[in-house]
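Q: Pasting model12.pdb below, which is PDB, C-alpha atoms.
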ATOM      1  CA  MET S   1      76.195  62.732 122.912  1.00  0.00           C
ATOM      2  CA  LYS S   2      72.430  62.733 123.404  1.00  0.00           C
ATOM      3  CA  ARG S   3      70.299  65.876 123.242  1.00  0.00           C
ATOM      4  CA  GLU S   4      69.867  66.028 127.023  1.00  0.00           C
ATOM      5  CA  GLU S   5      73.617  65.761 127.543  1.00  0.00           C
ATOM      6  CA  ALA S   6      74.337  68.394 124.900  1.00  0.00           C
ATOM      7  CA  PHE S   7      71.881  70.813 126.472  1.00  0.00           C
ATOM      8  CA  GLU S   8      73.261  70.187 129.972  1.00  0.00           C
ATOM      9  CA  PHE S   9      76.796  70.894 128.739  1.00  0.00           C
ATOM     10  CA  LEU S  10      75.854  74.123 126.962  1.00  0.00           C
ATOM     11  CA  ASP S  11      73.704  75.255 129.881  1.00  0.00           C
ATOM     12  CA  ARG S  12      76.586  74.749 132.323  1.00  0.00           C
ATOM     13  CA  ALA S  13      78.910  76.614 129.961  1.00  0.00           C
ATOM     14  CA  ALA S  14      76.421  79.476 129.676  1.00  0.00           C
ATOM     15  CA  ARG S  15      76.028  79.710 133.449  1.00  0.00           C
ATOM     16  CA  GLY S  16      79.778  79.636 134.029  1.00  0.00           C
ATOM     17  CA  ILE S  17      80.564  82.290 131.431  1.00  0.00           C
ATOM     18  CA  ALA S  18      77.847  84.579 132.792  1.00  0.00           C
ATOM     19  CA  GLU S  19      79.197  84.241 136.326  1.00  0.00           C
ATOM     20  CA  MET S  20      82.791  84.771 135.200  1.00  0.00           C
ATOM     21  CA  PHE S  21      82.192  87.934 133.152  1.00  0.00           C
ATOM     22  CA  GLY S  22      79.466  89.428 135.324  1.00  0.00           C
ATOM     23  CA  SER S  23      76.126  91.103 134.827  1.00  0.00           C
ATOM     24  CA  SER S  24      77.121  92.734 131.518  1.00  0.00           C
ATOM     25  CA  CYS S  25      77.473  89.319 129.882  1.00  0.00           C
ATOM     26  CA  GLU S  26      74.299  87.601 128.704  1.00  0.00           C
ATOM     27  CA  THR S  27      74.546  83.909 127.830  1.00  0.00           C
ATOM     28  CA  LEU S  28      71.859  81.601 126.510  1.00  0.00           C
ATOM     29  CA  VAL S  29      71.132  78.327 124.771  1.00  0.00           C
ATOM     30  CA  HIS S  30      69.069  78.355 121.564  1.00  0.00           C
ATOM     31  CA  ASP S  31      67.208  75.446 119.973  1.00  0.00           C
ATOM     32  CA  MET S  32      68.427  75.962 116.410  1.00  0.00           C
ATOM     33  CA  GLY S  33      66.568  72.880 115.253  1.00  0.00           C
ATOM     34  CA  VAL S  34      63.392  74.970 115.319  1.00  0.00           C
ATOM     35  CA  PRO S  35      63.006  77.756 112.710  1.00  0.00           C
ATOM     36  CA  SER S  36      62.050  80.288 115.408  1.00  0.00           C
ATOM     37  CA  HIS S  37      65.192  79.258 117.424  1.00  0.00           C
ATOM     38  CA  PRO S  38      63.557  79.672 120.875  1.00  0.00           C
ATOM     39  CA  ILE S  39      65.662  80.252 123.994  1.00  0.00           C
ATOM     40  CA  LEU S  40      65.947  77.157 126.206  1.00  0.00           C
ATOM     41  CA  SER S  41      67.927  78.808 129.012  1.00  0.00           C
ATOM     42  CA  ILE S  42      69.311  82.288 129.602  1.00  0.00           C
ATOM     43  CA  TYR S  43      71.481  84.103 132.154  1.00  0.00           C
ATOM     44  CA  ASN S  44      71.662  87.889 132.662  1.00  0.00           C
ATOM     45  CA  GLY S  45      68.694  88.245 130.337  1.00  0.00           C
ATOM     46  CA  HIS S  46      68.334  91.894 131.374  1.00  0.00           C
ATOM     47  CA  VAL S  47      71.024  92.709 128.802  1.00  0.00           C
ATOM     48  CA  SER S  48      68.573  92.097 125.951  1.00  0.00           C
ATOM     49  CA  GLY S  49      65.326  91.911 127.922  1.00  0.00           C
ATOM     50  CA  ARG S  50      64.665  88.315 126.846  1.00  0.00           C
ATOM     51  CA  SER S  51      63.666  85.225 128.804  1.00  0.00           C
ATOM     52  CA  VAL S  52      63.216  81.487 128.274  1.00  0.00           C
ATOM     53  CA  GLY S  53      60.901  80.797 125.331  1.00  0.00           C
ATOM     54  CA  SER S  54      61.659  84.067 123.531  1.00  0.00           C
ATOM     55  CA  THR S  55      62.211  83.815 119.786  1.00  0.00           C
ATOM     56  CA  LYS S  56      63.681  87.289 119.403  1.00  0.00           C
ATOM     57  CA  ASP S  57      67.338  87.767 118.510  1.00  0.00           C
ATOM     58  CA  ILE S  58      69.779  90.179 120.154  1.00  0.00           C
ATOM     59  CA  LEU S  59      68.612  92.884 117.719  1.00  0.00           C
ATOM     60  CA  GLY S  60      65.075  92.616 119.088  1.00  0.00           C
ATOM     61  CA  THR S  61      63.599  91.005 115.965  1.00  0.00           C
ATOM     62  CA  ASP S  62      62.130  87.586 115.259  1.00  0.00           C
ATOM     63  CA  ARG S  63      62.973  87.503 111.569  1.00  0.00           C
ATOM     64  CA  THR S  64      63.779  84.203 109.876  1.00  0.00           C
ATOM     65  CA  LEU S  65      67.500  83.582 109.871  1.00  0.00           C
ATOM     66  CA  ASP S  66      69.623  82.966 106.820  1.00  0.00           C
ATOM     67  CA  SER S  67      69.865  79.191 106.225  1.00  0.00           C
ATOM     68  CA  GLU S  68      73.609  79.151 106.969  1.00  0.00           C
ATOM     69  CA  SER S  69      73.058  80.872 110.318  1.00  0.00           C
ATOM     70  CA  TYR S  70      71.400  77.724 111.679  1.00  0.00           C
ATOM     71  CA  THR S  71      74.668  75.783 111.436  1.00  0.00           C
ATOM     72  CA  THR S  72      77.494  78.324 111.123  1.00  0.00           C
ATOM     73  CA  ASP S  73      79.306  79.792 114.133  1.00  0.00           C
ATOM     74  CA  GLN S  74      79.262  83.583 114.389  1.00  0.00           C
ATOM     75  CA  VAL S  75      82.119  84.981 116.483  1.00  0.00           C
ATOM     76  CA  ASN S  76      82.748  88.474 117.889  1.00  0.00           C
ATOM     77  CA  LEU S  77      80.199  90.442 115.870  1.00  0.00           C
ATOM     78  CA  ALA S  78      78.880  93.919 116.716  1.00  0.00           C
ATOM     79  CA  ALA S  79      75.224  94.515 117.498  1.00  0.00           C
ATOM     80  CA  THR S  80      72.998  97.212 118.964  1.00  0.00           C
ATOM     81  CA  THR S  81      69.958  96.351 121.064  1.00  0.00           C
ATOM     82  CA  PRO S  82      66.640  98.205 120.584  1.00  0.00           C
ATOM     83  CA  ASP S  83      67.409 100.380 123.640  1.00  0.00           C
ATOM     84  CA  GLY S  84      70.830 101.353 122.278  1.00  0.00           C
ATOM     85  CA  ARG S  85      73.181  99.003 124.105  1.00  0.00           C
ATOM     86  CA  GLN S  86      76.457  98.241 122.311  1.00  0.00           C
ATOM     87  CA  ILE S  87      76.989  94.473 122.161  1.00  0.00           C
ATOM     88  CA  LYS S  88      79.692  92.036 121.087  1.00  0.00           C
ATOM     89  CA  SER S  89      77.910  88.827 120.104  1.00  0.00           C
ATOM     90  CA  SER S  90      78.981  85.241 119.403  1.00  0.00           C
ATOM     91  CA  THR S  91      76.972  82.096 118.607  1.00  0.00           C
ATOM     92  CA  LEU S  92      78.557  78.630 118.783  1.00  0.00           C
ATOM     93  CA  HIS S  93      76.724  75.528 117.546  1.00  0.00           C
ATOM     94  CA  LEU S  94      76.607  71.986 118.891  1.00  0.00           C
ATOM     95  CA  ILE S  95      74.937  69.657 116.372  1.00  0.00           C
ATOM     96  CA  GLY S  96      74.080  65.989 116.786  1.00  0.00           C
ATOM     97  CA  GLU S  97      71.898  63.406 115.078  1.00  0.00           C
ATOM     98  CA  ASP S  98      68.659  64.659 116.594  1.00  0.00           C
ATOM     99  CA  TYR S  99      69.506  68.136 117.852  1.00  0.00           C
ATOM    100  CA  ASN S 100      70.951  71.482 116.832  1.00  0.00           C
ATOM    101  CA  LEU S 101      71.719  73.650 119.841  1.00  0.00           C
ATOM    102  CA  ALA S 102      73.723  76.850 120.074  1.00  0.00           C
ATOM    103  CA  LEU S 103      75.435  78.752 122.853  1.00  0.00           C
ATOM    104  CA  GLY S 104      74.950  82.532 122.572  1.00  0.00           C
ATOM    105  CA  ILE S 105      77.262  85.030 124.275  1.00  0.00           C
ATOM    106  CA  ASN S 106      76.377  88.737 124.286  1.00  0.00           C
ATOM    107  CA  PHE S 107      78.679  91.166 126.086  1.00  0.00           C
ATOM    108  CA  ASP S 108      77.355  94.666 126.761  1.00  0.00           C
ATOM    109  CA  TYR S 109      80.291  97.100 126.501  1.00  0.00           C
ATOM    110  CA  THR S 110      78.224 100.308 126.446  1.00  0.00           C
ATOM    111  CA  SER S 111      79.741 101.549 129.703  1.00  0.00           C
ATOM    112  CA  LEU S 112      83.229 100.986 128.292  1.00  0.00           C
ATOM    113  CA  VAL S 113      82.391 103.269 125.353  1.00  0.00           C
ATOM    114  CA  PHE S 114      81.585 106.110 127.749  1.00  0.00           C
ATOM    115  CA  ALA S 115      84.655 105.312 129.864  1.00  0.00           C
ATOM    116  CA  ASN S 116      86.834 105.449 126.755  1.00  0.00           C
ATOM    117  CA  ARG S 117      85.506 108.902 125.885  1.00  0.00           C
ATOM    118  CA  ILE S 118      86.422 110.110 129.365  1.00  0.00           C
ATOM    119  CA  LEU S 119      89.900 108.597 129.088  1.00  0.00           C
ATOM    120  CA  VAL S 120      90.478 110.253 125.712  1.00  0.00           C
ATOM    121  CA  ASP S 121      89.538 113.619 127.238  1.00  0.00           C
ATOM    122  CA  LEU S 122      91.832 113.006 130.210  1.00  0.00           C
ATOM    123  CA  MET S 123      94.771 112.052 127.973  1.00  0.00           C
ATOM    124  CA  SER S 124      94.399 114.917 125.516  1.00  0.00           C
ATOM    125  CA  ALA S 125      96.755 117.892 125.886  1.00  0.00           C
ATOM    126  CA  ARG S 126      96.831 121.373 124.371  1.00  0.00           C
ATOM    127  CA  ALA S 127     100.539 121.276 123.548  1.00  0.00           C
ATOM    128  CA  ASP S 128     103.663 119.176 123.887  1.00  0.00           C
ATOM    129  CA  LEU S 129     105.881 120.017 126.898  1.00  0.00           C
ATOM    130  CA  GLN S 130     108.957 118.818 125.036  1.00  0.00           C
ATOM    131  CA  SER S 131     108.244 121.179 122.140  1.00  0.00           C
ATOM    132  CA  ALA S 132     107.567 124.022 124.549  1.00  0.00           C
ATOM    133  CA  LEU S 133     110.748 123.645 126.620  1.00  0.00           C
ATOM    134  CA  TRP S 134     113.407 122.340 124.276  1.00  0.00           C
ATOM    135  CA  GLN S 135     115.585 124.230 121.833  1.00  0.00           C
ATOM    136  CA  GLU S 136     114.042 126.796 119.511  1.00  0.00           C
ATOM    137  CA  GLY S 137     115.406 125.029 116.467  1.00  0.00           C
ATOM    138  CA  ASP S 138     115.503 126.294 112.927  1.00  0.00           C
ATOM    139  CA  SER S 139     112.013 126.325 111.412  1.00  0.00           C
ATOM    140  CA  ARG S 140     113.589 126.076 108.003  1.00  0.00           C
ATOM    141  CA  GLN S 141     115.418 122.902 109.047  1.00  0.00           C
ATOM    142  CA  LEU S 142     112.186 121.410 110.384  1.00  0.00           C
ATOM    143  CA  ALA S 143     110.458 122.260 107.106  1.00  0.00           C
ATOM    144  CA  GLU S 144     113.264 120.589 105.147  1.00  0.00           C
ATOM    145  CA  ILE S 145     113.056 117.437 107.256  1.00  0.00           C
ATOM    146  CA  PHE S 146     109.280 117.373 106.880  1.00  0.00           C
ATOM    147  CA  ASP S 147     109.493 117.759 103.099  1.00  0.00           C
ATOM    148  CA  GLN S 148     112.054 114.946 102.888  1.00  0.00           C
ATOM    149  CA  CYS S 149     109.816 112.616 104.907  1.00  0.00           C
ATOM    150  CA  VAL S 150     106.778 113.433 102.763  1.00  0.00           C
ATOM    151  CA  ALA S 151     108.834 112.863  99.607  1.00  0.00           C
ATOM    152  CA  ALA S 152     109.776 109.403 100.896  1.00  0.00           C
ATOM    153  CA  VAL S 153     106.093 108.406 100.770  1.00  0.00           C
ATOM    154  CA  GLY S 154     105.908 109.367  97.113  1.00  0.00           C
ATOM    155  CA  LYS S 155     102.536 111.100  96.872  1.00  0.00           C
ATOM    156  CA  PRO S 156     100.928 114.406  97.850  1.00  0.00           C
ATOM    157  CA  VAL S 157      99.727 114.947 101.401  1.00  0.00           C
ATOM    158  CA  SER S 158      96.159 115.374 100.129  1.00  0.00           C
ATOM    159  CA  ALA S 159      96.206 111.726  98.995  1.00  0.00           C
ATOM    160  CA  PHE S 160      97.625 110.345 102.243  1.00  0.00           C
ATOM    161  CA  THR S 161      95.993 107.444 104.072  1.00  0.00           C
ATOM    162  CA  LYS S 162      96.439 106.909 107.782  1.00  0.00           C
ATOM    163  CA  GLY S 163      99.258 104.490 106.975  1.00  0.00           C
ATOM    164  CA  ASP S 164     101.028 107.189 104.938  1.00  0.00           C
ATOM    165  CA  ARG S 165     100.708 109.708 107.772  1.00  0.00           C
ATOM    166  CA  MET S 166     101.993 107.133 110.248  1.00  0.00           C
ATOM    167  CA  LYS S 167     105.013 106.537 108.004  1.00  0.00           C
ATOM    168  CA  VAL S 168     105.785 110.267 107.872  1.00  0.00           C
ATOM    169  CA  ILE S 169     105.461 110.543 111.663  1.00  0.00           C
ATOM    170  CA  ALA S 170     107.819 107.572 112.081  1.00  0.00           C
ATOM    171  CA  LEU S 171     110.378 109.130 109.732  1.00  0.00           C
ATOM    172  CA  LEU S 172     110.120 112.465 111.549  1.00  0.00           C
ATOM    173  CA  GLU S 173     110.638 110.710 114.859  1.00  0.00           C
ATOM    174  CA  GLN S 174     113.718 108.926 113.510  1.00  0.00           C
ATOM    175  CA  SER S 175     115.060 112.286 112.301  1.00  0.00           C
ATOM    176  CA  SER S 176     114.548 113.848 115.785  1.00  0.00           C
ATOM    177  CA  ALA S 177     112.198 116.394 114.213  1.00  0.00           C
ATOM    178  CA  PHE S 178     110.052 116.468 117.337  1.00  0.00           C
ATOM    179  CA  SER S 179     112.924 117.910 119.365  1.00  0.00           C
ATOM    180  CA  PHE S 180     112.271 121.260 117.657  1.00  0.00           C
ATOM    181  CA  ARG S 181     110.091 123.783 119.384  1.00  0.00           C
ATOM    182  CA  LYS S 182     106.539 123.907 117.985  1.00  0.00           C
ATOM    183  CA  SER S 183     107.232 120.829 115.858  1.00  0.00           C
ATOM    184  CA  VAL S 184     103.923 119.138 116.704  1.00  0.00           C
ATOM    185  CA  PRO S 185     101.762 122.116 115.639  1.00  0.00           C
ATOM    186  CA  TYR S 186     103.825 122.417 112.445  1.00  0.00           C
ATOM    187  CA  VAL S 187     103.465 118.735 111.564  1.00  0.00           C
ATOM    188  CA  ALA S 188      99.758 118.722 112.429  1.00  0.00           C
ATOM    189  CA  GLN S 189      99.074 121.748 110.242  1.00  0.00           C
ATOM    190  CA  HIS S 190     101.001 120.424 107.246  1.00  0.00           C
ATOM    191  CA  LEU S 191      99.542 116.904 107.494  1.00  0.00           C
ATOM    192  CA  GLY S 192      96.039 118.321 107.811  1.00  0.00           C
ATOM    193  CA  VAL S 193      95.297 116.647 111.143  1.00  0.00           C
ATOM    194  CA  SER S 194      94.841 117.791 114.725  1.00  0.00           C
ATOM    195  CA  ARG S 195      97.650 117.989 117.261  1.00  0.00           C
ATOM    196  CA  TYR S 196      95.936 115.257 119.232  1.00  0.00           C
ATOM    197  CA  THR S 197      96.134 112.976 116.179  1.00  0.00           C
ATOM    198  CA  VAL S 198      99.905 113.550 115.957  1.00  0.00           C
ATOM    199  CA  TYR S 199     100.266 112.625 119.638  1.00  0.00           C
ATOM    200  CA  LYS S 200      98.061 109.591 119.048  1.00  0.00           C
ATOM    201  CA  TYR S 201     100.232 108.422 116.132  1.00  0.00           C
ATOM    202  CA  LEU S 202     103.377 108.876 118.226  1.00  0.00           C
ATOM    203  CA  GLY S 203     101.796 106.831 120.996  1.00  0.00           C
ATOM    204  CA  GLU S 204     100.856 104.033 118.600  1.00  0.00           C
ATOM    205  CA  LEU S 205     104.376 103.961 117.165  1.00  0.00           C
ATOM    206  CA  SER S 206     105.846 103.828 120.655  1.00  0.00           C
ATOM    207  CA  GLN S 207     103.535 100.964 121.594  1.00  0.00           C
ATOM    208  CA  ASP S 208     104.376  99.031 118.418  1.00  0.00           C
ATOM    209  CA  SER S 209     108.083  99.483 119.131  1.00  0.00           C
ATOM    210  CA  ALA S 210     107.665  98.215 122.696  1.00  0.00           C
ATOM    211  CA  GLU S 211     105.744  95.148 121.504  1.00  0.00           C
ATOM    212  CA  GLU S 212     108.429  94.358 118.937  1.00  0.00           C
ATOM    213  CA  GLN S 213     111.104  94.524 121.621  1.00  0.00           C
ATOM    214  CA  GLU S 214     109.120  92.180 123.877  1.00  0.00           C
ATOM    215  CA  GLN S 215     108.832  89.639 121.017  1.00  0.00           C
ATOM    216  CA  GLN S 216     112.567  89.610 120.391  1.00  0.00           C
ATOM    217  CA  PRO S 217     114.350  86.593 121.924  1.00  0.00           C
TER     218      PRO S 217
END
In structure tokens, what does this structure look like?
A:
Amino acid sequence: MKREEAFEFLDRAARGIAEMFGSSCETLVHDMGVPSHPILSIYNGHVSGRSVGSTKDILGTDRTLDSESYTTDQVNLAATTPDGRQIKSSTLHLIGEDYNLALGINFDYTSLVFANRILVDLMSARADLQSALWQEGDSRQLAEIFDQCVAAVGKPVSAFTKGDRMKVIALLEQSSAFSFRKSVPYVAQHLGVSRYTVYKYLGELSQDSAEEQEQQP
């Protein structure tokens, strides 16, 4: 493949990706055969504020790249633009005898970060309806079940990692501990986390269980 053909291919790919993923997706073609790696073509350049001929990278700098960066693909890396945009960035190289070109893809997900914060607020709850409405239960029995689950991990709660806490939550769920009234506040207090975190762990366990069932033949 000649240089002109390589550039035409990457340019068409850049244009197509930009159109497919919309105005939040910047795509461009770099000439990596030149130390300053200038931009040969760019789509949705408003994401980074760059245009054809620019030698700045997505971070807004024109520093000399590491030698391996001129030939090594970089996939799905995080970056922040000078104006604070959150970016997922990939660079894919196409190298021939007399050319070294690269396709850059920069997706601006800043709006998704704000949307996620809103969703977290919408999904948070002060208390668990199940715990509020179901049987009173014996607090001593709940404490015994909790202690047994913690003992199964084999180390003090103060040394727990997220994985350890998830294991305790899973064991409590298997023991029907969350059928007791006020079980979530009790577990949250004794694990040293918020109630929301307990709900979050339960949700993650439920999702993992559903995915495992889908994968079964």
Q: Report as a PyMOL selection string the full result of the PyMOL selection byres ((chain S and resi 10) around 9) when it is applied to this structure.
A: chain S and resi 5-9+11-15+28-29+94+101-103
Q: Those residues you just picked out, can you put them in a file as a PDB file, in the frame of the given file with C-alpha atoms?
A:
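Output contents, as saved in result_39.pdb:
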ATOM      1  CA  GLU S   5      73.617  65.761 127.543  1.00  0.00           C
ATOM      2  CA  ALA S   6      74.337  68.394 124.900  1.00  0.00           C
ATOM      3  CA  PHE S   7      71.881  70.813 126.472  1.00  0.00           C
ATOM      4  CA  GLU S   8      73.261  70.187 129.972  1.00  0.00           C
ATOM      5  CA  PHE S   9      76.796  70.894 128.739  1.00  0.00           C
ATOM      6  CA  ASP S  11      73.704  75.255 129.881  1.00  0.00           C
ATOM      7  CA  ARG S  12      76.586  74.749 132.323  1.00  0.00           C
ATOM      8  CA  ALA S  13      78.910  76.614 129.961  1.00  0.00           C
ATOM      9  CA  ALA S  14      76.421  79.476 129.676  1.00  0.00           C
ATOM     10  CA  ARG S  15      76.028  79.710 133.449  1.00  0.00           C
ATOM     11  CA  LEU S  28      71.859  81.601 126.510  1.00  0.00           C
ATOM     12  CA  VAL S  29      71.132  78.327 124.771  1.00  0.00           C
ATOM     13  CA  LEU S  94      76.607  71.986 118.891  1.00  0.00           C
ATOM     14  CA  LEU S 101      71.719  73.650 119.841  1.00  0.00           C
ATOM     15  CA  ALA S 102      73.723  76.850 120.074  1.00  0.00           C
ATOM     16  CA  LEU S 103      75.435  78.752 122.853  1.00  0.00           C
TER      17      LEU S 103
END
Q: Measuring between all atoms listed in the file, which one of S:Lys182, S:Phe107, S:Leu172, S:Ser124 shows the shortest distance to Tyr199 of chain S?
A: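 Checking each candidate against Tyr199 of chain S, we get S:Ser124 as the closest.
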Q: Which one of S:Ile105, S:Val47, S:Leu191, S:Asp57 sits closest to Gly16 of chain S if you count all atoms listed in the file?
A: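 The answer is S:Ile105, which sits nearest to Gly16 of chain S.
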Q: Given the file above and the PyMOL selection byres ((chain S and resi 86) around 7), which residues are selected, and can you give them as a list of chain:residue names?
A: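 That selection, the PyMOL selection byres ((chain S and resi 86) around 7), comes back as S:Ala79, S:Thr80, S:Thr81, S:Gly84, S:Arg85, S:Ile87, S:Asp108, S:Tyr109, S:Thr110.
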Q: Any chance you could resolve the PyMOL selection byres ((chain S and resi 162) around 12) against this file and give the residues as a PyMOL selection string?
A: chain S and resi 157-161+163-169+191-193+197-198+200-201
Q: Could you check which of S:Tyr186, S:Phe114, S:Phe180, S:Tyr43 is closest to Cys25 of chain S, using all atoms listed in the file?
A: S:Tyr43
Q: Separation of atom CA of Ser69 of chain S and atom CA of His93 of chain S, in Å?
A: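 Separation of atom CA of Ser69 of chain S and atom CA of His93 of chain S: 9.7 Å.
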Q: List as a PyMOL selection string the protein and nucleic acid residues near Gln74 of chain S, meaning an atom at most 7 Å away when only C-alpha atoms are counted, but skip any in the same chain fewer than 6 places from it.
A: chain S and resi 90-92
Q: Please save C-alpha atoms of the selected residues as a PDB file, keeping the file's coordinate frame.
A:
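Here's the written file result01.pdb:
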ATOM      1  CA  SER S  90      78.981  85.241 119.403  1.00  0.00           C
ATOM      2  CA  THR S  91      76.972  82.096 118.607  1.00  0.00           C
ATOM      3  CA  LEU S  92      78.557  78.630 118.783  1.00  0.00           C
TER       4      LEU S  92
END
Q: Mind pulling up the distance from atom CA of Lys88 of chain S to atom CA of Glu26 of chain S?
A: 10.3 Å
Q: Report, in Å with one decimal, the straight-line distance from atom CA of Ala125 of chain S to atom CA of Arg195 of chain S.
A: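 Computing the Euclidean distance for atom CA of Ala125 of chain S and atom CA of Arg195 of chain S yields 8.7 Å.
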Q: Take the point (67.7, 73.5, 116.7) in the file's coordinates, draw a sphere of radius 6 Å around it, and report as a list in words every protein, DNA or RNA residue with an atom inside or on it, counting all atoms listed in the file.
A: Asp31, Met32, Gly33, Val34, Tyr99, Asn100 and Leu101 of chain S
Q: Might I get the box with edges along x, y and z of the file that holds all atoms of segment 19-25 of chain S listed there, padded by 6 Å on every side, given as centre and edge lengths in Å to one decimal, as JSON?
A:
{"center_x": 79.5, "center_y": 88.5, "center_z": 133.1, "size_x": 18.7, "size_y": 20.5, "size_z": 18.4}
Q: Determine the nearest neighbour of Leu112 of chain S from the options S:Tyr196, S:Val52, S:Glu4, S:Ser24, counting only C-alpha atoms.
A: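 Counting only C-alpha atoms, the residue closest to Leu112 of chain S is S:Ser24.
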